[in-house]
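Text of run-v6.csv (CSV, C-alpha atoms) as supplied:
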chain,number,residue,atom,x,y,z
A,1,MET,CA,143.8,152.2,-48.4
A,2,ASN,CA,140.9,152.0,-50.8
A,3,LEU,CA,140.7,153.6,-54.2
A,4,ILE,CA,138.8,156.7,-53.0
A,5,SER,CA,141.2,157.6,-50.2
A,6,PHE,CA,144.1,157.2,-52.7
A,7,PHE,CA,142.7,159.8,-55.0
A,8,LYS,CA,141.2,162.1,-52.4
A,9,ARG,CA,143.7,163.3,-49.8
A,10,PRO,CA,142.3,164.2,-46.4
A,11,VAL,CA,141.7,167.9,-46.0
A,12,THR,CA,144.0,169.2,-43.2
A,13,ALA,CA,143.9,173.0,-43.4
A,14,PRO,CA,140.7,173.3,-41.3
A,15,ILE,CA,142.3,171.2,-38.6
A,16,ALA,CA,145.3,173.5,-38.7
A,17,LYS,CA,143.1,176.6,-38.4
A,18,ASP,CA,141.1,175.2,-35.5
A,19,ARG,CA,144.2,174.2,-33.6
A,20,LEU,CA,145.7,177.6,-34.1
A,21,LYS,CA,142.6,179.5,-33.0
A,22,LEU,CA,142.3,177.5,-29.8
A,23,LEU,CA,146.0,177.8,-29.0
A,24,LEU,CA,146.2,181.5,-29.6
A,25,ALA,CA,143.1,182.3,-27.6
A,26,HIS,CA,144.9,180.7,-24.7
A,27,GLU,CA,148.3,182.1,-25.4
A,28,ARG,CA,147.2,185.7,-25.9
A,29,GLY,CA,145.6,185.8,-22.5
A,30,ALA,CA,148.5,184.2,-20.7
A,31,ILE,CA,151.1,186.4,-22.3
A,32,GLY,CA,149.0,189.5,-22.0
A,33,ASN,CA,148.8,189.0,-18.3
A,34,SER,CA,152.4,187.7,-17.9
A,35,ASN,CA,153.7,190.8,-16.1
A,36,VAL,CA,150.9,190.7,-13.5
A,37,ILE,CA,151.5,187.0,-13.0
A,38,ALA,CA,155.3,187.4,-12.7
A,39,LEU,CA,154.8,190.2,-10.1
A,40,LEU,CA,152.2,188.2,-8.2
A,41,ARG,CA,154.5,185.2,-8.2
A,42,GLU,CA,157.4,187.3,-6.8
A,43,GLU,CA,155.2,188.6,-4.0
A,44,ILE,CA,153.8,185.2,-3.1
A,45,VAL,CA,157.3,183.7,-3.0
A,46,ALA,CA,158.3,186.5,-0.6
A,47,VAL,CA,155.3,185.8,1.7
A,48,ILE,CA,155.7,182.0,1.7
A,49,ALA,CA,159.5,182.3,2.2
A,50,LYS,CA,158.8,184.1,5.5
A,51,HIS,CA,157.3,180.9,6.9
A,52,PHE,CA,158.7,178.1,4.9
A,53,PRO,CA,162.2,177.7,3.6
A,54,VAL,CA,161.1,176.8,0.0
A,55,GLU,CA,162.9,177.3,-3.3
A,56,SER,CA,161.3,179.9,-5.6
A,57,ASP,CA,160.9,177.3,-8.4
A,58,ALA,CA,158.6,175.2,-6.0
A,59,ILE,CA,155.9,177.9,-6.5
A,60,LYS,CA,153.8,177.8,-9.7
A,61,VAL,CA,151.4,180.6,-10.6
A,62,ARG,CA,149.0,179.9,-13.5
A,63,MET,CA,146.1,181.7,-15.0
A,64,GLU,CA,143.4,179.6,-16.6
A,65,SER,CA,140.9,181.6,-18.7
A,66,GLY,CA,137.3,180.3,-18.9
A,67,ASP,CA,134.2,181.8,-20.5
A,68,VAL,CA,132.6,183.2,-17.4
A,69,ILE,CA,135.1,182.6,-14.7
A,70,SER,CA,138.9,182.5,-14.8
A,71,THR,CA,141.0,180.8,-12.1
A,72,LEU,CA,144.3,181.9,-10.7
A,73,GLU,CA,146.0,178.8,-9.4
A,74,VAL,CA,148.9,179.0,-7.0
A,75,GLU,CA,150.7,175.8,-6.3
A,76,VAL,CA,153.3,175.6,-3.6
A,77,GLU,CA,155.4,172.4,-3.2
A,78,ILE,CA,156.6,171.8,0.3
A,79,PRO,CA,158.7,168.7,1.1
A,80,THR,CA,156.5,166.4,3.4
A,81,GLN,CA,159.3,166.0,5.9
A,82,LEU,CA,159.5,169.8,6.3
A,83,CYS,CA,155.7,169.9,6.7
A,84,ALA,CA,155.9,167.3,9.5
A,85,GLU,CA,158.4,169.3,11.3
A,86,ILE,CA,156.3,172.3,11.2
A,87,LYS,CA,153.5,171.9,13.8
A,88,GLY,CA,149.9,172.8,13.2
A,89,ALA,CA,147.7,172.9,10.1
A,90,ALA,CA,150.4,172.4,7.6
A,91,LYS,CA,150.9,168.8,8.8
A,92,ASP,CA,147.2,167.9,8.4
A,93,GLY,CA,147.0,169.5,5.0
A,94,ALA,CA,150.1,167.9,3.5
A,95,LYS,CA,149.4,165.1,1.0
A,96,LYS,CA,151.4,162.0,1.6
A,97,ASP,CA,151.9,161.1,-2.1
A,98,GLY,CA,153.0,164.2,-3.9
A,99,ALA,CA,154.2,166.1,-0.9
A,100,THR,CA,152.3,169.1,-2.3
A,101,GLN,CA,149.8,171.6,-1.0
A,102,THR,CA,147.7,173.4,-3.4
A,103,LEU,CA,146.0,176.7,-2.7
A,104,LYS,CA,143.5,177.8,-5.2
A,105,VAL,CA,142.2,181.3,-5.6
A,106,THR,CA,139.3,182.1,-8.0
A,107,ALA,CA,139.1,185.4,-9.7
A,108,SER,CA,136.2,186.6,-11.9
A,109,ALA,CA,136.9,187.1,-15.5
B,1,MET,CA,159.3,212.4,-44.2
B,2,ALA,CA,161.5,209.3,-43.7
B,3,LYS,CA,159.8,206.1,-42.6
B,4,VAL,CA,161.4,203.2,-40.7
B,5,LEU,CA,160.1,199.8,-41.7
B,6,VAL,CA,160.8,196.6,-39.9
B,7,VAL,CA,160.5,193.3,-41.7
B,8,THR,CA,160.0,190.7,-38.9
B,9,SER,CA,158.4,187.3,-38.3
B,10,GLY,CA,159.4,185.5,-35.1
B,11,LYS,CA,160.1,182.3,-37.0
B,12,GLY,CA,163.2,181.9,-39.1
B,13,GLY,CA,163.3,180.8,-42.7
B,14,VAL,CA,160.0,182.4,-43.7
B,15,GLY,CA,161.5,185.0,-46.1
B,16,LYS,CA,162.4,188.1,-44.1
B,17,THR,CA,165.7,188.7,-45.8
B,18,THR,CA,164.4,187.8,-49.3
B,19,SER,CA,161.4,190.1,-48.7
B,20,THR,CA,163.6,193.0,-47.4
B,21,ALA,CA,165.8,192.8,-50.5
B,22,ALA,CA,162.9,192.5,-52.9
B,23,LEU,CA,160.8,195.3,-51.3
B,24,GLY,CA,163.9,197.5,-51.1
B,25,VAL,CA,164.6,197.1,-54.8
B,26,ALA,CA,160.9,197.7,-55.6
B,27,LEU,CA,160.7,200.9,-53.5
B,28,ALA,CA,164.0,202.1,-55.0
B,29,LYS,CA,162.8,201.4,-58.6
B,30,GLY,CA,159.8,203.6,-57.7
B,31,GLY,CA,162.2,206.5,-57.1
B,32,LYS,CA,162.5,206.4,-53.4
B,33,LYS,CA,165.9,206.7,-51.6
B,34,VAL,CA,166.1,203.4,-49.7
B,35,VAL,CA,168.5,201.8,-47.3
B,36,LEU,CA,168.4,198.2,-46.0
B,37,VAL,CA,169.8,197.6,-42.5
B,38,ASP,CA,170.7,194.1,-41.5
B,39,PHE,CA,170.1,193.5,-37.8
B,40,ASP,CA,171.0,189.9,-37.8
B,41,VAL,CA,174.3,190.3,-36.0
B,42,GLY,CA,176.5,187.2,-36.3
B,43,LEU,CA,174.4,185.7,-39.0
B,44,ARG,CA,174.3,188.4,-41.7
B,45,ASN,CA,172.9,187.3,-45.0
B,46,LEU,CA,171.3,190.4,-46.5
B,47,ASP,CA,174.7,191.2,-48.1
B,48,LEU,CA,174.7,187.8,-49.9
B,49,VAL,CA,171.0,188.1,-51.0
B,50,MET,CA,171.8,191.5,-52.4
B,51,GLY,CA,175.0,190.3,-54.1
B,52,ALA,CA,177.2,192.7,-52.1
B,53,GLU,CA,179.0,190.1,-49.9
B,54,ARG,CA,182.5,191.0,-51.3
B,55,ARG,CA,182.0,194.8,-50.8
B,56,VAL,CA,181.5,194.7,-47.0
B,57,VAL,CA,184.2,196.7,-45.2
B,58,TYR,CA,182.5,198.2,-42.1
B,59,ASP,CA,179.2,197.2,-40.5
B,60,LEU,CA,176.4,198.4,-38.3
B,61,ILE,CA,178.4,197.7,-35.1
B,62,ASN,CA,181.4,199.6,-36.3
B,63,VAL,CA,179.1,202.6,-36.8
B,64,VAL,CA,177.2,202.1,-33.5
B,65,GLN,CA,180.5,202.0,-31.6
B,66,GLY,CA,181.9,205.0,-33.5
B,67,ASP,CA,184.7,203.0,-35.2
B,68,ALA,CA,183.5,204.0,-38.6
B,69,LYS,CA,181.4,206.8,-40.1
B,70,LEU,CA,178.0,205.9,-41.5
B,71,ALA,CA,179.1,206.9,-45.0
B,72,GLN,CA,182.0,204.5,-44.8
B,73,ALA,CA,179.8,201.6,-43.9
B,74,LEU,CA,177.0,202.2,-46.4
B,75,ILE,CA,177.3,200.1,-49.5
B,76,ARG,CA,175.6,201.7,-52.5
B,77,ASP,CA,174.0,199.2,-54.9
B,78,LYS,CA,175.8,199.0,-58.3
B,79,ARG,CA,172.5,198.4,-60.2
B,80,ILE,CA,170.3,200.9,-58.6
B,81,SER,CA,172.0,204.1,-57.4
B,82,ASN,CA,169.3,205.2,-54.9
B,83,LEU,CA,169.5,201.9,-53.0
B,84,SER,CA,172.1,201.3,-50.2
B,85,MET,CA,172.6,198.8,-47.5
B,86,LEU,CA,174.2,198.7,-44.1
B,87,PRO,CA,175.5,195.2,-43.3
B,88,ALA,CA,175.5,193.5,-39.9
B,89,SER,CA,178.6,192.3,-38.3
B,90,GLN,CA,179.5,188.7,-38.8
B,91,THR,CA,182.0,188.3,-36.0
B,92,ARG,CA,180.6,190.3,-33.1
B,93,ASP,CA,177.5,189.3,-31.1
B,94,LYS,CA,174.3,191.2,-30.6
B,95,ASP,CA,175.2,192.6,-27.2
B,96,ALA,CA,177.5,195.0,-29.0
B,97,LEU,CA,174.4,196.8,-30.3
B,98,THR,CA,173.3,199.4,-27.8
B,99,ASP,CA,169.9,201.0,-27.7
B,100,GLU,CA,171.3,204.6,-27.9
B,101,GLY,CA,173.8,203.6,-30.6
B,102,VAL,CA,171.0,202.1,-32.8
B,103,ALA,CA,168.8,205.2,-32.1
B,104,ARG,CA,171.6,207.5,-33.3
B,105,VAL,CA,172.3,205.5,-36.5
B,106,ILE,CA,168.5,205.4,-37.4
B,107,ALA,CA,168.2,209.2,-36.8
B,108,GLU,CA,171.2,209.8,-39.1
B,109,LEU,CA,169.7,207.4,-41.8
B,110,LYS,CA,166.4,209.3,-41.6
B,111,GLU,CA,168.2,212.4,-42.8
B,112,LYS,CA,169.5,210.7,-45.9
B,113,PHE,CA,166.8,208.3,-47.0
B,114,ASP,CA,163.0,208.0,-47.6
B,115,TRP,CA,162.8,204.4,-46.4
B,116,ILE,CA,164.9,202.7,-43.8
B,117,ILE,CA,164.1,199.0,-44.0
B,118,CYS,CA,165.3,197.0,-41.0
B,119,ASP,CA,165.8,193.2,-41.6
B,120,SER,CA,165.1,191.6,-38.2
B,121,PRO,CA,166.7,188.5,-37.0
B,122,ALA,CA,164.5,185.5,-36.1
B,123,GLY,CA,163.3,185.1,-32.5
B,124,ILE,CA,162.0,187.5,-29.9
B,125,GLU,CA,165.2,188.3,-28.2
B,126,ARG,CA,167.2,191.5,-28.1
B,127,GLY,CA,168.2,191.6,-31.8
B,128,ALA,CA,164.6,191.4,-32.9
B,129,THR,CA,163.4,193.9,-30.4
B,130,LEU,CA,166.1,196.4,-31.4
B,131,ALA,CA,165.3,196.0,-35.1
B,132,MET,CA,161.6,196.9,-34.4
B,133,ARG,CA,162.4,199.5,-31.7
B,134,HIS,CA,162.2,202.6,-33.9
B,135,ALA,CA,159.8,201.4,-36.6
B,136,ASP,CA,156.9,203.4,-37.9
B,137,VAL,CA,155.7,200.5,-40.1
B,138,ALA,CA,156.0,196.7,-39.7
B,139,ILE,CA,155.8,193.9,-42.2
B,140,VAL,CA,155.1,190.6,-40.6
B,141,VAL,CA,156.3,187.9,-42.9
B,142,THR,CA,154.2,184.7,-42.5
B,143,ASN,CA,154.0,181.3,-44.2
B,144,PRO,CA,150.6,179.5,-44.3
B,145,GLU,CA,151.8,177.0,-41.8
B,146,VAL,CA,150.9,176.6,-38.1
B,147,SER,CA,154.3,177.4,-36.4
B,148,SER,CA,154.8,180.5,-38.6
B,149,VAL,CA,151.3,181.8,-37.8
B,150,ARG,CA,151.8,181.2,-34.1
B,151,ASP,CA,155.1,183.0,-34.0
B,152,SER,CA,153.7,185.9,-36.1
B,153,ASP,CA,151.0,186.3,-33.4
B,154,ARG,CA,153.7,186.6,-30.8
B,155,ILE,CA,155.6,189.2,-32.8
B,156,ILE,CA,152.5,191.3,-33.3
B,157,GLY,CA,152.1,191.3,-29.5
B,158,LEU,CA,155.7,192.6,-29.2
B,159,LEU,CA,155.1,195.3,-31.9
B,160,ASP,CA,152.2,196.5,-29.8
B,161,SER,CA,154.3,196.7,-26.6
B,162,LYS,CA,158.0,196.9,-27.2
B,163,THR,CA,158.3,199.6,-29.9
B,164,GLU,CA,159.0,203.2,-29.2
B,165,ARG,CA,155.7,204.1,-30.8
B,166,ALA,CA,153.8,201.6,-28.6
B,167,GLU,CA,155.4,202.9,-25.5
B,168,LYS,CA,154.4,206.5,-26.3
B,169,GLY,CA,150.8,205.2,-26.8
B,170,ASP,CA,150.9,205.6,-30.6
B,171,GLN,CA,149.9,202.9,-33.1
B,172,ILE,CA,152.5,201.1,-35.2
B,173,GLU,CA,151.2,200.4,-38.7
B,174,LYS,CA,151.3,196.6,-39.1
B,175,HIS,CA,151.0,194.6,-42.4
B,176,LEU,CA,150.9,190.9,-43.2
B,177,LEU,CA,153.0,189.6,-46.0
B,178,LEU,CA,152.0,186.0,-46.8
B,179,THR,CA,154.9,184.2,-48.5
B,180,ARG,CA,155.4,180.7,-50.0
B,181,TYR,CA,151.7,180.6,-50.8
B,182,ASP,CA,150.4,177.9,-53.0
B,183,ALA,CA,146.9,178.9,-54.2
B,184,ALA,CA,146.2,175.4,-55.6
B,185,ARG,CA,147.0,173.6,-52.4
B,186,ALA,CA,145.0,176.1,-50.4
B,187,GLU,CA,142.1,175.5,-52.7
B,188,ARG,CA,142.4,171.8,-52.1
B,189,GLY,CA,142.3,172.2,-48.3
B,190,GLU,CA,146.0,171.2,-47.9
B,191,MET,CA,147.2,174.6,-46.8
B,192,LEU,CA,145.8,177.5,-44.7
B,193,LYS,CA,144.0,180.0,-47.0
B,194,VAL,CA,144.8,183.7,-47.1
B,195,GLU,CA,141.5,184.4,-45.3
B,196,ASP,CA,142.3,181.8,-42.6
B,197,VAL,CA,145.6,183.5,-41.7
B,198,LEU,CA,144.0,187.0,-41.8
B,199,GLU,CA,141.1,185.8,-39.5
B,200,ILE,CA,143.6,184.5,-37.0
B,201,LEU,CA,146.2,187.4,-37.1
B,202,SER,CA,143.7,190.2,-37.9
B,203,ILE,CA,146.2,192.7,-39.4
B,204,PRO,CA,145.8,194.0,-42.9
B,205,LEU,CA,147.3,192.1,-45.8
B,206,ILE,CA,150.0,193.9,-47.9
B,207,GLY,CA,150.8,191.0,-50.3
B,208,ILE,CA,150.7,187.4,-51.2
B,209,VAL,CA,154.0,186.0,-52.6
B,210,PRO,CA,153.6,182.7,-54.3
B,211,GLU,CA,155.9,179.8,-53.7
B,212,SER,CA,158.2,180.0,-56.7
B,213,GLU,CA,161.4,178.7,-58.2
B,214,GLU,CA,162.4,182.3,-58.9
B,215,ILE,CA,163.1,183.0,-55.2
B,216,LEU,CA,165.9,180.5,-55.0
B,217,ARG,CA,167.2,181.5,-58.4
B,218,ALA,CA,167.4,185.1,-57.2
B,219,SER,CA,169.4,184.3,-54.0
B,220,ASN,CA,171.7,182.0,-56.1
B,221,LEU,CA,172.5,185.1,-58.2
B,222,GLY,CA,172.5,187.7,-55.5
B,223,ALA,CA,169.8,189.6,-57.5
B,224,PRO,CA,166.4,190.1,-55.8
B,225,VAL,CA,163.4,189.0,-57.9
B,226,THR,CA,162.3,192.6,-58.4
B,227,LEU,CA,165.6,193.4,-60.3
B,228,ALA,CA,164.7,191.2,-63.3
B,229,ALA,CA,163.6,192.9,-66.5
B,230,ASN,CA,160.5,190.7,-66.9
B,231,PRO,CA,158.9,190.5,-63.4
B,232,SER,CA,157.9,187.0,-62.3
B,233,ALA,CA,154.8,186.3,-60.2
B,234,PRO,CA,156.7,186.8,-56.9
B,235,ALA,CA,158.3,190.0,-58.2
B,236,ARG,CA,154.8,191.4,-59.2
B,237,ALA,CA,153.6,190.7,-55.6
B,238,TYR,CA,156.6,192.6,-54.2
B,239,PHE,CA,156.1,195.5,-56.6
B,240,ASP,CA,152.4,195.8,-55.5
B,241,ALA,CA,153.3,195.5,-51.8
B,242,ALA,CA,155.9,198.3,-52.3
B,243,ARG,CA,153.2,200.5,-53.9
B,244,ARG,CA,150.8,199.8,-51.0
B,245,LEU,CA,153.6,200.8,-48.6
B,246,ASN,CA,153.6,204.2,-50.3
B,247,GLY,CA,149.9,204.5,-49.7
B,248,GLU,CA,148.5,203.4,-53.0
B,249,LYS,CA,145.2,201.5,-53.0
B,250,LEU,CA,145.6,198.4,-55.2
B,251,GLU,CA,143.3,195.4,-55.6
B,252,MET,CA,144.8,192.3,-54.1
B,253,VAL,CA,145.7,189.8,-56.9
B,254,MET,CA,145.8,186.2,-56.0
B,255,PRO,CA,149.1,184.9,-57.6
B,256,ASN,CA,148.0,182.5,-60.3
B,257,ASP,CA,148.8,178.9,-60.2
B,258,ARG,CA,152.1,178.6,-62.0
B,259,LYS,CA,151.3,175.0,-63.2
B,260,GLY,CA,149.9,174.6,-66.7
B,261,PHE,CA,147.5,172.0,-67.9
B,262,PHE,CA,150.1,169.2,-67.7
B,263,GLY,CA,151.4,170.3,-64.3
B,264,LYS,CA,147.8,170.2,-63.0
B,265,ILE,CA,147.4,166.6,-64.1
B,266,PHE,CA,150.8,165.2,-63.3
B,267,GLY,CA,152.1,167.6,-60.7
B,268,ARG,CA,149.4,167.0,-58.1
B,269,ARG,CA,150.6,163.7,-56.6
B,270,ALA,CA,154.3,164.6,-57.1
B,271,ALA,CA,154.3,167.5,-54.7

Using structure tokens, write down the structure that the file contains.
Amino acid sequence: MNLISFFKRPVTAPIAKDRLKLLLAHERGAIGNSNVIALLREEIVAVIAKHFPVESDAIKVRMESGDVISTLEVEVEIPTQLCAEIKGAAKDGAKKDGATQTLKVTASA
Amino acid sequence: MAKVLVVTSGKGGVGKTTSTAALGVALAKGGKKVVLVDFDVGLRNLDLVMGAERRVVYDLINVVQGDAKLAQALIRDKRISNLSMLPASQTRDKDALTDEGVARVIAELKEKFDWIICDSPAGIERGATLAMRHADVAIVVTNPEVSSVRDSDRIIGLLDSKTERAEKGDQIEKHLLLTRYDAARAERGEMLKVEDVLEILSIPLIGIVPESEEILRASNLGAPVTLAANPSAPARAYFDAARRLNGEKLEMVMPNDRKGFFGKIFGRRAA
């Protein structure tokens, strides 16, 4: 620590302000749409459960807000073993490492 | 026309109960009939801050459940006759509060008082949403600190969606009360400034209460700052906020730095 930094404390308030603005811009959008997302999630779980015996917490629905385009990401985790048992496209699409298939839907902002 | 005011914040420890008590006294001193209602079931403290902890017989839940009449549960302040309080229960839990029961009590209070001030519990759960449910006006108590501002933003969202007014499509009047503010630290860039918080939360400002030793002194004594004969800086901020609640247009005064010349020189590094 030199003499100048001892007498002049770093200014932290602008950092706090910027962090808050960024965070709240994100949170306001997410929470504002939370009802739609919860509803969507419920319906997606119901559709998937018709074909795969998955737990409801294996399905994640997220809204990412961008400037021009926002993405709605739906991630469904299916155990690899289960995928192997189910014949057809599911087997080819299953990743070996994470045992996860990701379906992405893009929605305009 | 009676008005229901909720004092809320999301985050705990920012000064909801202190502000409820100080504003209640200030409004009552201005001649209004005021009742303070503690919604913090299980963790009541408004009685203590008001110096009425030994006078509690019945509480809000007793009234909601019909075990006591409202008049039996109301505690009239011994120092200001037009100020009363309705304590929360210390032994029951918040599930004992029903939506209909609270609505009935609020309706009854509206017949007797000009201002019904609801002291909200911290959080965004049932206790907090019930406290804001019937409000016409909300005061969001915020400290110039990141977690408090974030939680206030969340509470503002709830005020716009979960209150009776919001559900009917009406606006709820929202005001920001900035507490524990240190103008000198804000000036040095060590603390969020008033304008920073206003820019982020974008609701109108009703007062700036400075960080002050008087606040702890007041709760030690059970005598809100606005009761003192010679109003301190925080008391003046609360008096002004109370007048603004009654619709007066007052210029916002930045609470002056309480440190004198020596404090400025020697107090800077010590804080």

- Task: Give as a PyMOL selection string each residue that has an atom at most 7 Å from (161.5, 200.9, -39.9) in the file, counting all atoms listed in the file.
- Result: chain B and resi 3-6+116-118+132+134-138

- Query: Using only C-alpha atoms, which residue out of A:Thr12, A:Leu22, A:Val45, A:Pro53 lies closest to Cys83 in chain A?
  - Reply: A:Pro53

- Do a neighbour search on range 202-210 of chain B at 10 Å with all atoms listed in the file, toss out local chain neighbours closer than 2 positions, and write the hits as a VMD selection string. chain B and resid 15 19 139 to 143 153 156 173 to 183 194 to 200 212 to 215 233 to 245 250 252 to 258

Could you write out that same residue set with C-alpha atoms as a PDB file, keeping the file's coordinate frame?
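Output file part_14.pdb follows:
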ATOM      1  CA  GLY B  15     161.500 185.000 -46.100  1.00  0.00           C
ATOM      2  CA  SER B  19     161.400 190.100 -48.700  1.00  0.00           C
ATOM      3  CA  ILE B 139     155.800 193.900 -42.200  1.00  0.00           C
ATOM      4  CA  VAL B 140     155.100 190.600 -40.600  1.00  0.00           C
ATOM      5  CA  VAL B 141     156.300 187.900 -42.900  1.00  0.00           C
ATOM      6  CA  THR B 142     154.200 184.700 -42.500  1.00  0.00           C
ATOM      7  CA  ASN B 143     154.000 181.300 -44.200  1.00  0.00           C
ATOM      8  CA  ASP B 153     151.000 186.300 -33.400  1.00  0.00           C
ATOM      9  CA  ILE B 156     152.500 191.300 -33.300  1.00  0.00           C
ATOM     10  CA  GLU B 173     151.200 200.400 -38.700  1.00  0.00           C
ATOM     11  CA  LYS B 174     151.300 196.600 -39.100  1.00  0.00           C
ATOM     12  CA  HIS B 175     151.000 194.600 -42.400  1.00  0.00           C
ATOM     13  CA  LEU B 176     150.900 190.900 -43.200  1.00  0.00           C
ATOM     14  CA  LEU B 177     153.000 189.600 -46.000  1.00  0.00           C
ATOM     15  CA  LEU B 178     152.000 186.000 -46.800  1.00  0.00           C
ATOM     16  CA  THR B 179     154.900 184.200 -48.500  1.00  0.00           C
ATOM     17  CA  ARG B 180     155.400 180.700 -50.000  1.00  0.00           C
ATOM     18  CA  TYR B 181     151.700 180.600 -50.800  1.00  0.00           C
ATOM     19  CA  ASP B 182     150.400 177.900 -53.000  1.00  0.00           C
ATOM     20  CA  ALA B 183     146.900 178.900 -54.200  1.00  0.00           C
ATOM     21  CA  VAL B 194     144.800 183.700 -47.100  1.00  0.00           C
ATOM     22  CA  GLU B 195     141.500 184.400 -45.300  1.00  0.00           C
ATOM     23  CA  ASP B 196     142.300 181.800 -42.600  1.00  0.00           C
ATOM     24  CA  VAL B 197     145.600 183.500 -41.700  1.00  0.00           C
ATOM     25  CA  LEU B 198     144.000 187.000 -41.800  1.00  0.00           C
ATOM     26  CA  GLU B 199     141.100 185.800 -39.500  1.00  0.00           C
ATOM     27  CA  ILE B 200     143.600 184.500 -37.000  1.00  0.00           C
ATOM     28  CA  SER B 212     158.200 180.000 -56.700  1.00  0.00           C
ATOM     29  CA  GLU B 213     161.400 178.700 -58.200  1.00  0.00           C
ATOM     30  CA  GLU B 214     162.400 182.300 -58.900  1.00  0.00           C
ATOM     31  CA  ILE B 215     163.100 183.000 -55.200  1.00  0.00           C
ATOM     32  CA  ALA B 233     154.800 186.300 -60.200  1.00  0.00           C
ATOM     33  CA  PRO B 234     156.700 186.800 -56.900  1.00  0.00           C
ATOM     34  CA  ALA B 235     158.300 190.000 -58.200  1.00  0.00           C
ATOM     35  CA  ARG B 236     154.800 191.400 -59.200  1.00  0.00           C
ATOM     36  CA  ALA B 237     153.600 190.700 -55.600  1.00  0.00           C
ATOM     37  CA  TYR B 238     156.600 192.600 -54.200  1.00  0.00           C
ATOM     38  CA  PHE B 239     156.100 195.500 -56.600  1.00  0.00           C
ATOM     39  CA  ASP B 240     152.400 195.800 -55.500  1.00  0.00           C
ATOM     40  CA  ALA B 241     153.300 195.500 -51.800  1.00  0.00           C
ATOM     41  CA  ALA B 242     155.900 198.300 -52.300  1.00  0.00           C
ATOM     42  CA  ARG B 243     153.200 200.500 -53.900  1.00  0.00           C
ATOM     43  CA  ARG B 244     150.800 199.800 -51.000  1.00  0.00           C
ATOM     44  CA  LEU B 245     153.600 200.800 -48.600  1.00  0.00           C
ATOM     45  CA  LEU B 250     145.600 198.400 -55.200  1.00  0.00           C
ATOM     46  CA  MET B 252     144.800 192.300 -54.100  1.00  0.00           C
ATOM     47  CA  VAL B 253     145.700 189.800 -56.900  1.00  0.00           C
ATOM     48  CA  MET B 254     145.800 186.200 -56.000  1.00  0.00           C
ATOM     49  CA  PRO B 255     149.100 184.900 -57.600  1.00  0.00           C
ATOM     50  CA  ASN B 256     148.000 182.500 -60.300  1.00  0.00           C
ATOM     51  CA  ASP B 257     148.800 178.900 -60.200  1.00  0.00           C
ATOM     52  CA  ARG B 258     152.100 178.600 -62.000  1.00  0.00           C
TER      53      ARG B 258
END

- Item | Distance in Å - CA of Ala25 in chain A versus CA of Arg188 in chain B |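 Answer for the CA of Ala25 in chain A to CA of Arg188 in chain B separation: 26.7 Å.
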
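All of the residues in chain A within 7 Å of chain B are Val11, Thr12, Ala13, Ala16, Lys17, Leu20 and Lys21 of chain A, where all atoms listed in the file were counted.
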